[in-house]
Every structure is written in C-alpha cells, then in structure tokens.
>>> print(open('upload06.cif').read())   # mmCIF, C-alpha atoms
data_structure
#
loop_
_atom_site.group_PDB
_atom_site.id
_atom_site.type_symbol
_atom_site.label_atom_id
_atom_site.label_comp_id
_atom_site.auth_asym_id
_atom_site.auth_seq_id
_atom_site.Cartn_x
_atom_site.Cartn_y
_atom_site.Cartn_z
ATOM 1 C CA MET A 1 0.000 0.000 0.000
ATOM 2 C CA LYS A 2 1.311 3.409 -0.946
ATOM 3 C CA VAL A 3 1.993 6.086 1.646
ATOM 4 C CA VAL A 4 -0.699 8.302 0.121
ATOM 5 C CA HIS A 5 -3.285 5.553 0.623
ATOM 6 C CA LYS A 6 -2.098 4.967 4.190
ATOM 7 C CA ILE A 7 -2.433 8.659 4.971
ATOM 8 C CA ALA A 8 -5.900 8.742 3.418
ATOM 9 C CA LEU A 9 -6.918 5.709 5.494
ATOM 10 C CA MET A 10 -5.912 7.335 8.809
ATOM 11 C CA PRO A 11 -8.959 9.640 9.130
ATOM 12 C CA ALA A 12 -11.292 6.730 8.343
ATOM 13 C CA LEU A 13 -9.654 4.611 11.054
ATOM 14 C CA ALA A 14 -9.845 7.522 13.494
ATOM 15 C CA VAL A 15 -13.557 7.953 12.761
ATOM 16 C CA ALA A 16 -14.135 4.202 13.194
ATOM 17 C CA ALA A 17 -12.245 4.230 16.513
ATOM 18 C CA LEU A 18 -14.187 7.274 17.675
ATOM 19 C CA LEU A 19 -17.448 5.611 16.692
ATOM 20 C CA LEU A 20 -16.451 2.474 18.605
ATOM 21 C CA VAL A 21 -15.614 4.536 21.705
ATOM 22 C CA PHE A 22 -18.932 6.370 21.392
ATOM 23 C CA ILE A 23 -20.851 3.081 21.186
ATOM 24 C CA VAL A 24 -19.032 1.625 24.209
ATOM 25 C CA VAL A 25 -19.655 4.782 26.252
ATOM 26 C CA GLN A 26 -23.355 4.777 25.322
ATOM 27 C CA LEU A 27 -23.757 1.085 26.202
ATOM 28 C CA THR A 28 -21.971 1.560 29.521
ATOM 29 C CA ARG A 29 -24.033 4.653 30.314
ATOM 30 C CA SER A 30 -27.221 2.791 29.459
ATOM 31 C CA ALA A 31 -26.222 -0.161 31.651
ATOM 32 C CA ASN A 32 -25.429 2.203 34.540
ATOM 33 C CA GLU A 33 -28.771 3.973 34.150
ATOM 34 C CA ASP A 34 -30.566 0.624 34.155
ATOM 35 C CA LEU A 35 -28.729 -0.465 37.294
ATOM 36 C CA ASN A 36 -29.507 2.824 39.018
ATOM 37 C CA ARG A 37 -33.182 2.403 38.112
ATOM 38 C CA LYS A 38 -33.144 -1.156 39.481
ATOM 39 C CA ILE A 39 -31.536 0.040 42.698
ATOM 40 C CA GLU A 40 -34.139 2.777 43.150
ATOM 41 C CA THR A 41 -37.260 0.930 42.023
ATOM 42 C CA GLY A 42 -36.349 -2.691 42.698
ATOM 43 C CA TYR A 43 -33.594 -3.582 45.133
ATOM 44 C CA MET A 44 -34.182 -0.851 47.730
ATOM 45 C CA PRO A 45 -37.969 -1.373 47.798
ATOM 46 C CA ALA A 46 -37.347 -5.139 48.059
ATOM 47 C CA VAL A 47 -35.237 -4.629 51.186
ATOM 48 C CA THR A 48 -37.806 -2.252 52.672
ATOM 49 C CA THR A 49 -40.715 -4.538 51.795
ATOM 50 C CA SER A 50 -39.124 -7.638 53.305
ATOM 51 C CA GLN A 51 -38.234 -5.704 56.470
ATOM 52 C CA ASN A 52 -41.794 -4.355 56.694
ATOM 53 C CA LEU A 53 -43.195 -7.861 56.266
ATOM 54 C CA VAL A 54 -40.956 -9.161 59.075
ATOM 55 C CA GLU A 55 -42.202 -6.337 61.315
ATOM 56 C CA MET A 56 -45.836 -7.069 60.417
ATOM 57 C CA LEU A 57 -45.291 -10.770 61.077
ATOM 58 C CA ALA A 58 -43.837 -9.987 64.517
ATOM 59 C CA ALA A 59 -46.665 -7.537 65.298
ATOM 60 C CA LEU A 60 -49.204 -10.138 64.281
ATOM 61 C CA GLN A 61 -47.571 -12.726 66.528
ATOM 62 C CA ARG A 62 -47.572 -10.239 69.431
ATOM 63 C CA GLY A 63 -51.243 -9.519 68.774
ATOM 64 C CA LEU A 64 -52.090 -13.207 68.920
ATOM 65 C CA GLN A 65 -50.089 -13.546 72.146
ATOM 66 C CA ASP A 66 -51.871 -10.526 73.628
ATOM 67 C CA ALA A 67 -55.259 -12.010 72.736
ATOM 68 C CA VAL A 68 -54.350 -15.273 74.460
ATOM 69 C CA ALA A 69 -52.774 -13.567 77.495
ATOM 70 C CA SER A 70 -55.845 -11.396 78.035
ATOM 71 C CA ALA A 71 -58.251 -14.178 77.037
ATOM 72 C CA ASP A 72 -59.930 -11.639 74.753
ATOM 73 C CA PRO A 73 -61.001 -12.962 71.341
ATOM 74 C CA THR A 74 -61.941 -9.457 70.168
ATOM 75 C CA ILE A 75 -58.217 -8.636 69.896
ATOM 76 C CA LEU A 76 -58.090 -11.147 67.047
ATOM 77 C CA ALA A 77 -59.856 -8.551 64.872
ATOM 78 C CA GLU A 78 -56.674 -6.467 65.082
ATOM 79 C CA THR A 79 -54.598 -9.404 63.904
ATOM 80 C CA ASP A 80 -57.062 -9.931 61.060
ATOM 81 C CA GLU A 81 -56.277 -6.377 59.919
ATOM 82 C CA LEU A 82 -52.534 -7.092 60.135
ATOM 83 C CA ARG A 83 -53.128 -10.198 58.022
ATOM 84 C CA ARG A 84 -54.838 -8.075 55.367
ATOM 85 C CA GLU A 85 -51.969 -5.571 55.405
ATOM 86 C CA PHE A 86 -49.404 -8.350 55.155
ATOM 87 C CA MET A 87 -51.166 -9.931 52.180
ATOM 88 C CA GLN A 88 -51.588 -6.557 50.460
ATOM 89 C CA THR A 89 -47.867 -5.894 50.872
ATOM 90 C CA VAL A 90 -47.040 -9.327 49.438
ATOM 91 C CA ASN A 91 -49.371 -8.715 46.496
ATOM 92 C CA ASP A 92 -47.829 -5.282 45.868
ATOM 93 C CA ALA A 93 -44.321 -6.784 46.056
ATOM 94 C CA GLU A 94 -45.126 -9.177 43.222
ATOM 95 C CA ALA A 95 -44.882 -6.178 40.862
ATOM 96 C CA ASN A 96 -41.246 -5.584 41.870
ATOM 97 C CA GLU A 97 -39.103 -6.789 38.961
ATOM 98 C CA THR A 98 -36.210 -7.751 41.251
ATOM 99 C CA LEU A 99 -38.311 -10.128 43.342
ATOM 100 C CA ASP A 100 -39.236 -13.640 42.323
ATOM 101 C CA THR A 101 -43.007 -13.617 41.749
ATOM 102 C CA ASP A 102 -43.289 -17.341 42.489
ATOM 103 C CA GLN A 103 -41.417 -16.856 45.759
ATOM 104 C CA MET A 104 -43.687 -13.985 46.771
ATOM 105 C CA GLU A 105 -46.782 -16.044 45.920
ATOM 106 C CA ALA A 106 -45.364 -18.903 48.006
ATOM 107 C CA ILE A 107 -44.791 -16.526 50.927
ATOM 108 C CA GLY A 108 -48.414 -15.418 50.606
ATOM 109 C CA ARG A 109 -49.669 -19.013 50.657
ATOM 110 C CA GLU A 110 -47.404 -20.001 53.546
ATOM 111 C CA PHE A 111 -48.470 -16.947 55.498
ATOM 112 C CA GLN A 112 -52.167 -17.679 54.934
ATOM 113 C CA GLU A 113 -51.656 -21.241 56.187
ATOM 114 C CA TYR A 114 -49.665 -19.966 59.157
ATOM 115 C CA TYR A 115 -52.273 -17.353 60.030
ATOM 116 C CA GLU A 116 -55.209 -19.740 59.841
ATOM 117 C CA LEU A 117 -53.399 -22.160 62.138
ATOM 118 C CA ALA A 118 -52.146 -19.423 64.492
ATOM 119 C CA ARG A 119 -55.520 -17.714 64.777
ATOM 120 C CA GLY A 120 -57.348 -20.993 65.342
ATOM 121 C CA THR A 121 -54.777 -22.133 67.891
ATOM 122 C CA SER A 122 -54.958 -18.798 69.707
ATOM 123 C CA LEU A 123 -58.744 -19.029 69.846
ATOM 124 C CA ARG A 124 -58.456 -22.551 71.264
ATOM 125 C CA MET A 125 -56.070 -21.284 73.940
ATOM 126 C CA ILE A 126 -58.418 -18.399 74.775
ATOM 127 C CA ASN A 127 -61.169 -20.994 75.215
ATOM 128 C CA MET A 128 -58.821 -22.896 77.570
ATOM 129 C CA GLU A 129 -58.628 -26.020 75.419
ATOM 130 C CA ILE A 130 -55.815 -28.426 76.193
ATOM 131 C CA GLY A 131 -54.340 -31.542 74.635
ATOM 132 C CA THR A 132 -51.417 -32.903 72.680
ATOM 133 C CA ASP A 133 -52.910 -31.722 69.396
ATOM 134 C CA LEU A 134 -52.776 -28.180 70.771
ATOM 135 C CA GLN A 135 -49.087 -28.630 71.554
ATOM 136 C CA ASP A 136 -48.550 -30.019 68.047
ATOM 137 C CA ALA A 137 -50.363 -26.991 66.597
ATOM 138 C CA LEU A 138 -48.127 -24.643 68.620
ATOM 139 C CA THR A 139 -45.013 -26.413 67.350
ATOM 140 C CA THR A 140 -46.217 -26.283 63.733
ATOM 141 C CA MET A 141 -47.166 -22.637 64.192
ATOM 142 C CA ALA A 142 -43.671 -21.769 65.438
ATOM 143 C CA ASP A 143 -42.050 -23.710 62.589
ATOM 144 C CA ARG A 144 -44.138 -21.905 59.971
ATOM 145 C CA TYR A 145 -43.471 -18.518 61.533
ATOM 146 C CA ASN A 146 -39.724 -19.178 61.556
ATOM 147 C CA ALA A 147 -39.767 -20.411 57.948
ATOM 148 C CA ILE A 148 -41.590 -17.306 56.716
ATOM 149 C CA LYS A 149 -39.290 -15.005 58.695
ATOM 150 C CA ALA A 150 -36.190 -16.805 57.388
ATOM 151 C CA THR A 151 -37.386 -16.443 53.789
ATOM 152 C CA LEU A 152 -38.071 -12.727 54.272
ATOM 153 C CA ASP A 153 -34.656 -12.255 55.887
ATOM 154 C CA GLU A 154 -33.047 -14.049 52.920
ATOM 155 C CA ILE A 155 -34.845 -11.751 50.472
ATOM 156 C CA ALA A 156 -33.599 -8.677 52.349
ATOM 157 C CA ALA A 157 -30.051 -10.048 52.460
ATOM 158 C CA GLN A 158 -30.037 -10.964 48.757
ATOM 159 C CA SER A 159 -31.451 -7.582 47.782
ATOM 160 C CA SER A 160 -28.722 -5.897 49.840
ATOM 161 C CA VAL A 161 -26.089 -7.977 48.017
ATOM 162 C CA ASP A 162 -27.686 -7.046 44.686
ATOM 163 C CA ILE A 163 -27.531 -3.359 45.638
ATOM 164 C CA SER A 164 -23.850 -3.662 46.546
ATOM 165 C CA GLN A 165 -23.039 -5.433 43.290
ATOM 166 C CA ALA A 166 -24.932 -2.893 41.208
ATOM 167 C CA VAL A 167 -23.251 0.035 42.961
ATOM 168 C CA SER A 168 -19.837 -1.632 42.592
ATOM 169 C CA TYR A 169 -20.432 -2.113 38.868
ATOM 170 C CA THR A 170 -21.414 1.503 38.369
ATOM 171 C CA HIS A 171 -18.400 2.654 40.411
ATOM 172 C CA LEU A 172 -16.128 0.537 38.226
ATOM 173 C CA THR A 173 -17.535 1.645 34.898
ATOM 174 C CA LEU A 174 -18.372 5.295 35.524
ATOM 175 C CA PRO A 175 -14.784 6.580 35.969
ATOM 176 C CA THR A 176 -13.712 4.729 32.821
ATOM 177 C CA THR A 177 -16.629 6.178 30.889
ATOM 178 C CA ILE A 178 -15.794 9.678 32.101
ATOM 179 C CA GLU A 179 -12.120 9.306 31.169
ATOM 180 C CA VAL A 180 -12.868 7.846 27.744
ATOM 181 C CA CYS A 181 -15.298 10.586 26.779
ATOM 182 C CA GLY A 182 -13.133 13.328 28.304
ATOM 183 C CA CYS A 183 -15.934 14.528 30.552
ATOM 184 C CA ARG A 184 -13.847 14.856 33.704
ATOM 185 C CA GLY A 185 -13.914 18.349 35.129
ATOM 186 C CA GLY A 186 -11.116 20.179 36.857
ATOM 187 C CA GLY A 187 -7.531 20.417 35.851
#
>>> encode(input="upload06.cif", output="structure tokens")
Amino acid sequence: MKVVHKIALMPALAVAALLLVFIVVQLTRSANEDLNRKIETGYMPAVTTSQNLVEMLAALQRGLQDAVASADPTILAETDELRREFMQTVNDAEANETLDTDQMEAIGREFQEYYELARGTSLRMINMEIGTDLQDALTTMADRYNAIKATLDEIAAQSSVDISQAVSYTHLTLPTTIEVCGCRGGG
C-alpha cells in the first residue's frame, strides 16, 4: 500500500475508533442507568418490603399472644387487619421486577396457612382447650413462623447484596466512561 493511501486511510480509522468509543460509552451509560433504576425501584424497595413484612409478622404474633394472654377474642380482629396488610404488601411486592413472583406467591400461601393455624390455635387457647394436638399446633405454628421469617430475611439479604453489586459495577464503569469521553472536570 502506498503512503498516500495509508495517509488517506488514517482519518477513516480515526472515525471508526471514535465511533467504537462512542458506542461503548453509550452502552456503559445505558447499563449504569438501568442499574440505578433497578436500585431505586427494585432492590431498595425489596429490602424495605421484606423488612416491613418481618415487622408485620412480629406484630401479628404479638397480637395473637396478647389475645391469648388477656383471654380476649376481640383482639383477634386487630390481627385480622394485620393479616390483610401483610397480604396486600405481598401482592404489591409481586410487581417488583427484582423479586421472584413465584417466591412472593409462596410466601403469601405459607403466610395464609400460618395465620389460619395461628388464629385458630390462639382461639383454642383463649377458650382454655388443652391436649397434645394443641401442643402439636403450637409447634407447627412456630415452625411456619420461623420459615416465613427466614425467607423474608433471605430476600432482604439478597437484595442488599444485589444493591452492593450494582453500585460496585457503576463505580467501576463510571470513571472509565468519564475518562474515555473526556468529561472529567477540573484540571
């Protein structure tokens, strides 16, 4: 190839390289924006939701204990309201793209089963019923409560890990993107 042709080819190669850099910067920027959106609308709400559900679960358990301790079945109406709130929160969480819809549906089913057993067992205790089947119901109730709480804690922990990974990725790519496009301020 002649020198004249090589010199003529240089601007074309420069334009191609610049175009490639532009494409890489745009893809990286787009990925960072998507991760930021997921952090704001997915991962953070997932952590908050799972923590709220754990708090509601604990409040519901305390309400059932209070009803039994005071031998007052009317207190169970308050726990019924907490059940509705819990289920509404689970249903709302199913719209979160970072949460597994099947897992949230399973939590809803497990909670419903837990609540039916817990409410019925509490009512039996208020009515002063005794027997080994009551003890078995209390054991099953505790196991179900612990399983639901463990699942919610796992969701919060995983969402926190996802947040950390997303932030780490954006911290790794953003400085490179800024340097490549020459957008860094200062001198």
>>> closest_atom_pairs(input="upload06.cif", of="range 85-146 of chain A", to="range 55-72 of chain A", cutoff="10 Å", atoms="all atoms listed in the file", output="Markdown table")
| residue | atom | partner | partner_atom | distance |
| --- | --- | --- | --- | --- |
| A:Glu85 | CA | A:Met56 | CA | 8.1 |
| A:Phe86 | CA | A:Met56 | CA | 6.5 |
| A:Thr89 | CA | A:Met56 | CA | 9.8 |
| A:Phe111 | CA | A:Leu57 | CA | 8.9 |
| A:Tyr115 | CA | A:Leu60 | CA | 8.9 |
| A:Ala118 | CA | A:Leu64 | CA | 7.6 |
| A:Arg119 | CA | A:Leu64 | CA | 7.0 |
| A:Thr121 | CA | A:Leu64 | CA | 9.4 |
| A:Ser122 | CA | A:Val68 | CA | 5.9 |
| A:Leu123 | CA | A:Val68 | CA | 7.4 |
| A:Arg124 | CA | A:Val68 | CA | 8.9 |
| A:Met125 | CA | A:Val68 | CA | 6.3 |
| A:Ile126 | CA | A:Ala71 | CA | 4.8 |
| A:Asn127 | CA | A:Ala71 | CA | 7.6 |
| A:Met128 | CA | A:Ala71 | CA | 8.8 |
| A:Ala142 | CA | A:Gln61 | CA | 9.9 |
| A:Tyr145 | CA | A:Leu57 | CA | 8.0 |
>>> resolve_selection(input="upload06.cif", expression="the PyMOL selection byres ((chain A and resi 146-151) around 10)", output="list in words")
Ser50, Gln51, Leu53, Val54, Glu55, Leu57, Ala58, Gln103, Met104, Ala106, Ile107, Gly108, Glu110, Phe111, Tyr114, Thr140, Met141, Ala142, Asp143, Arg144, Tyr145, Leu152, Asp153, Glu154, Ile155, Ala156 and Ala157 of chain A
>>> resolve_selection(input="upload06.cif", expression="the PyMOL selection byres ((chain A and resi 38) around 12)", output="compact mmCIF listing (two decimals) with C-alpha atoms, in the frame of the given file")
# COMPACT_ATOMS: atom_id res chain seq x y z
CA ALA A 31 -26.22 -0.16 31.65
CA ASN A 32 -25.43 2.20 34.54
CA GLU A 33 -28.77 3.97 34.15
CA ASP A 34 -30.57 0.62 34.16
CA LEU A 35 -28.73 -0.46 37.29
CA ASN A 36 -29.51 2.82 39.02
CA ARG A 37 -33.18 2.40 38.11
CA ILE A 39 -31.54 0.04 42.70
CA GLU A 40 -34.14 2.78 43.15
CA THR A 41 -37.26 0.93 42.02
CA GLY A 42 -36.35 -2.69 42.70
CA TYR A 43 -33.59 -3.58 45.13
CA MET A 44 -34.18 -0.85 47.73
CA PRO A 45 -37.97 -1.37 47.80
CA ALA A 46 -37.35 -5.14 48.06
CA ASN A 96 -41.25 -5.58 41.87
CA GLU A 97 -39.10 -6.79 38.96
CA THR A 98 -36.21 -7.75 41.25
CA LEU A 99 -38.31 -10.13 43.34
CA SER A 159 -31.45 -7.58 47.78
CA ASP A 162 -27.69 -7.05 44.69
CA ILE A 163 -27.53 -3.36 45.64
CA SER A 164 -23.85 -3.66 46.55
CA GLN A 165 -23.04 -5.43 43.29
CA ALA A 166 -24.93 -2.89 41.21
CA VAL A 167 -23.25 0.04 42.96
>>> atom_distance(input="upload06.cif", atom1="CA of Met87 in chain A", atom2="CA of Gln135 in chain A")
27.0 Å
>>> atom_distance(input="upload06.cif", atom1="CA of Leu134 in chain A", atom2="CA of Glu113 in chain A")
16.2 Å
>>> axis_aligned_box(input="upload06.cif", around="range 146-165 of chain A", padding_each_side="8 Å", output="lines of an AutoDock Vina configuration file")
center_x = -32.3
center_y = -11.9
center_z = 52.4
size_x = 34.6
size_y = 33.1
size_z = 34.3
>>> closest_residue(input="upload06.cif", among="A:Ala95, A:Ile130, A:Val90, A:Ile7", to="Arg109 in chain A", atoms="all atoms listed in the file")
A:Val90
>>> closest_residue(input="upload06.cif", among="A:Ala93, A:Val25, A:Ala137, A:Leu9", to="Leu117 in chain A", atoms="all atoms listed in the file")
A:Ala137
>>> closest_residue(input="upload06.cif", among="A:Gln88, A:Gly120, A:Thr79, A:Glu105", to="Thr49 in chain A", atoms="all atoms listed in the file")
A:Gln88
>>> closest_residue(input="upload06.cif", among="A:Ala12, A:Gln112, A:Asp102, A:Asn52", to="Arg84 in chain A", atoms="only C-alpha atoms")
A:Gln112
>>> atom_distance(input="upload06.cif", atom1="CA of Leu76 in chain A", atom2="CA of Glu116 in chain A")
11.6 Å
>>> build_atoms(input="upload06.cif", residues="range 22-40 of chain A", atoms="N, CA and C atoms", output="short mmCIF file (atom, residue, chain, number, x, y, z; two decimals), in the frame of the given file")
data_model
loop_
_atom_site.label_atom_id
_atom_site.label_comp_id
_atom_site.auth_asym_id
_atom_site.auth_seq_id
_atom_site.Cartn_x
_atom_site.Cartn_y
_atom_site.Cartn_z
N PHE A 22 -17.61 5.80 21.14
CA PHE A 22 -18.93 6.37 21.39
C PHE A 22 -19.94 5.27 21.72
N ILE A 23 -19.92 4.19 20.96
CA ILE A 23 -20.85 3.08 21.19
C ILE A 23 -20.61 2.45 22.56
N VAL A 24 -19.36 2.22 22.91
CA VAL A 24 -19.03 1.62 24.21
C VAL A 24 -19.49 2.53 25.35
N VAL A 25 -19.24 3.83 25.22
CA VAL A 25 -19.66 4.78 26.25
C VAL A 25 -21.18 4.77 26.39
N GLN A 26 -21.89 4.78 25.27
CA GLN A 26 -23.36 4.78 25.32
C GLN A 26 -23.89 3.50 25.96
N LEU A 27 -23.32 2.35 25.61
CA LEU A 27 -23.76 1.08 26.20
C LEU A 27 -23.48 1.05 27.70
N THR A 28 -22.32 1.53 28.10
CA THR A 28 -21.97 1.56 29.52
C THR A 28 -22.89 2.51 30.27
N ARG A 29 -23.12 3.69 29.69
CA ARG A 29 -24.03 4.65 30.31
C ARG A 29 -25.44 4.07 30.46
N SER A 30 -25.89 3.40 29.43
CA SER A 30 -27.22 2.79 29.46
C SER A 30 -27.30 1.71 30.53
N ALA A 31 -26.26 0.89 30.63
CA ALA A 31 -26.22 -0.16 31.65
C ALA A 31 -26.23 0.45 33.05
N ASN A 32 -25.46 1.53 33.24
CA ASN A 32 -25.43 2.20 34.54
C ASN A 32 -26.79 2.80 34.89
N GLU A 33 -27.44 3.41 33.91
CA GLU A 33 -28.77 3.97 34.15
C GLU A 33 -29.76 2.88 34.53
N ASP A 34 -29.68 1.74 33.84
CA ASP A 34 -30.57 0.62 34.16
C ASP A 34 -30.31 0.10 35.57
N LEU A 35 -29.05 -0.01 35.93
CA LEU A 35 -28.73 -0.46 37.29
C LEU A 35 -29.20 0.53 38.34
N ASN A 36 -29.02 1.81 38.08
CA ASN A 36 -29.51 2.82 39.02
C ASN A 36 -31.02 2.75 39.17
N ARG A 37 -31.72 2.54 38.07
CA ARG A 37 -33.18 2.40 38.11
C ARG A 37 -33.56 1.17 38.93
N LYS A 38 -32.85 0.06 38.72
CA LYS A 38 -33.14 -1.16 39.48
C LYS A 38 -32.88 -0.97 40.97
N ILE A 39 -31.83 -0.23 41.29
CA ILE A 39 -31.54 0.04 42.70
C ILE A 39 -32.69 0.83 43.32
N GLU A 40 -33.11 1.89 42.62
CA GLU A 40 -34.14 2.78 43.15
C GLU A 40 -35.54 2.16 43.17
#
